[in-house]
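Peer 1: A single structure is presented below for examination.
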Amino acid sequence: METYRSQIILACVLAYFVICVFVGLWAMRRTHSSRDFFMAGRTLGFIVTAVAVFSSTMSGFGFVGGPGLVYQMGMSSLWIVLTASIGYCLSFYLLAKPLREMAIAQDSVSLPDVVAARYQSSFAGLLTAVAILLGVMGYLAAQIIAMATVLKSLLLSIDVDLPLEVCAGFSTALLVFYCVTGGIIASVYTDLVQGFIMMIAAVLVFLAAINAVDGGISGMSQTLAEDDPAAISPWGTVGVFGCLSWYFVFALGAAGQPHVITKLMMTKRSDTAQMTLPVSLVGYMVTALLWIGIGLAMRAVVLEGVYPQLKSPDAAAPEFLQHYTHPILAGTVFAGLFAAIMSTADAFLNIGAAAVVHDIPRGLGLKTSPERELSLARIATVLIAVVATVFGLYSGELVALLGATGWGIFAAALVPAVAIGFNWKRATAGAACAAIISSLVVNFTLKAFSIPLHLDTGAIALMVSLTLFLAISLCSKPKQESASA
């Protein structure tokens, strides 16, 4: 690759890193308490909320992991993209109003706070916090490894070959600084800027992907079909059952993603969901063009012998951007990628820190002052980031599969207790606790086995937890005073 291209791309990325430092310092001046750190003071307008929702959903999972899945499995991951319409609608319809109103009524600063209030059970809140913390590790690991993968690829373009571990260490350090200084305020306002940038850039990159292969989309399809007809079929190489299990867990599971639904607790007003939803949905679908376009194009050029075999499917996005797009566009997208990754990682570090210093201690009957919580949250942020980095480096999973693990944990644990429980007066604390415990047991137990038909473990765990939640609720009596939506 020409030297000038590398220099332009790196200049854009370095400029973004400098901006991150200033955003973090600016946000720190607006962060005076744990409420500001975790909830942004509940001052977000609908545009900021809408863009933050779809940006945190795409992130490194979609921008790096998505093209990697298409490169390796063909059209299978399209079933994840297609869930957005159902997933967002369910999340907003079920939770936008009741979640925020209950959070205000109970003066809650986190999702486990609201769960504990809804069921009048500190144990339910404690289990919610544990589930969130475990899910954070998988999803946060995906963000850190995505960032390290992109950084390693960029450095290789100027003949600097650093181990992935070193790139991950640098990425973690930058993330920690960004989150510790700014909390959730830094995340949502970075989301706002990069969300609009990535919508425009995704369209331009998709056009570049079409032009990268002779014959455009039809040429890509023909090349992939000649190598493996299954790759270009509606089910890809994963097959019908695997794709449908993805569709199930990502469509229904969207209403259980804490990094998404907690943003609904941060808005100024609860009646803005009807304006927030279409913006989030359109933003997600437009940026998903990058997911599909890069994955198909890179697979096609590799099969045609135009480009060498990738060392890892996760390298599809950075390699394509460096070699098949204009350097200014590539630099802008790389900066946007880092922005998406960092803001989402910030959100996960934020809810993970809340679980450690606020929710778990409260579930155990321990309380600390808001000022002390803020200090402890910053310490917890560092520890969580380090653990997630180690997990991501040595798990051996692709970025998207790490993200899918976190998504499945969140979905199976929180959809019954939160999405259904906040809208059904019959739901009981015992049912919520049983659903969360069973979801974690099933998720982690199945990880030790090879599941037939490529079924997603999160989908299986979600079916089990839903069944138990409904059955136990119907067979037991709810508390008469239990808060309800």
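Chain labels A, B, ... are given in the sequence in which chains occur in the structure tokens; within each chain residues are numbered consecutively from 1, and ligands are likewise numbered from 1 in the order shown.
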Which residues are close to A:Ser77, i.e. within 9 Å by only C-alpha atoms, leaving aside same-chain residues fewer than 3 positions away? Reply as a list in words.
Peer 2: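 Once the adjacent positions are removed, what remains is Gly66, Leu69, Val70, Met73, Gly74, Ile80, Val81, Leu82, Trp235, Gly236, Val238, Cys243, Trp246 and Ile292 of chain A.
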Peer 1: Kindly assemble as a Markdown table a list of the stretch 232-330 of chain A residues that lie within 9 Å of stretch 101-113 of chain A, each paired with its nearest atom pair and their distance in Å to one decimal, using only C-alpha atoms, sorted first by chain and then by ascending residue number.
Peer 2:
```
| residue | atom | partner | partner_atom | distance |
| --- | --- | --- | --- | --- |
| A:Pro258 | CA | A:Leu111 | CA | 7.3 |
| A:Ile261 | CA | A:Leu111 | CA | 8.6 |
| A:Thr262 | CA | A:Leu111 | CA | 6.6 |
| A:Met265 | CA | A:Ala103 | CA | 6.8 |
| A:Ser270 | CA | A:Glu101 | CA | 7.2 |
```
Peer 1: Would you please give, as a ChimeraX atom specification, all residues of stretch 337-430 of chain A that DSSP assigns to alpha helix (DSSP H) based on the backbone?
Peer 2: /A:337-354,360-363,370-395,399-414,429-430
Peer 1: Quick one: of A:Tyr178, A:Phe469, A:Phe92, A:Phe61, who's nearest to A:Val415, counting only C-alpha atoms?
Peer 2: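 The answer is A:Phe469, which sits nearest to A:Val415.
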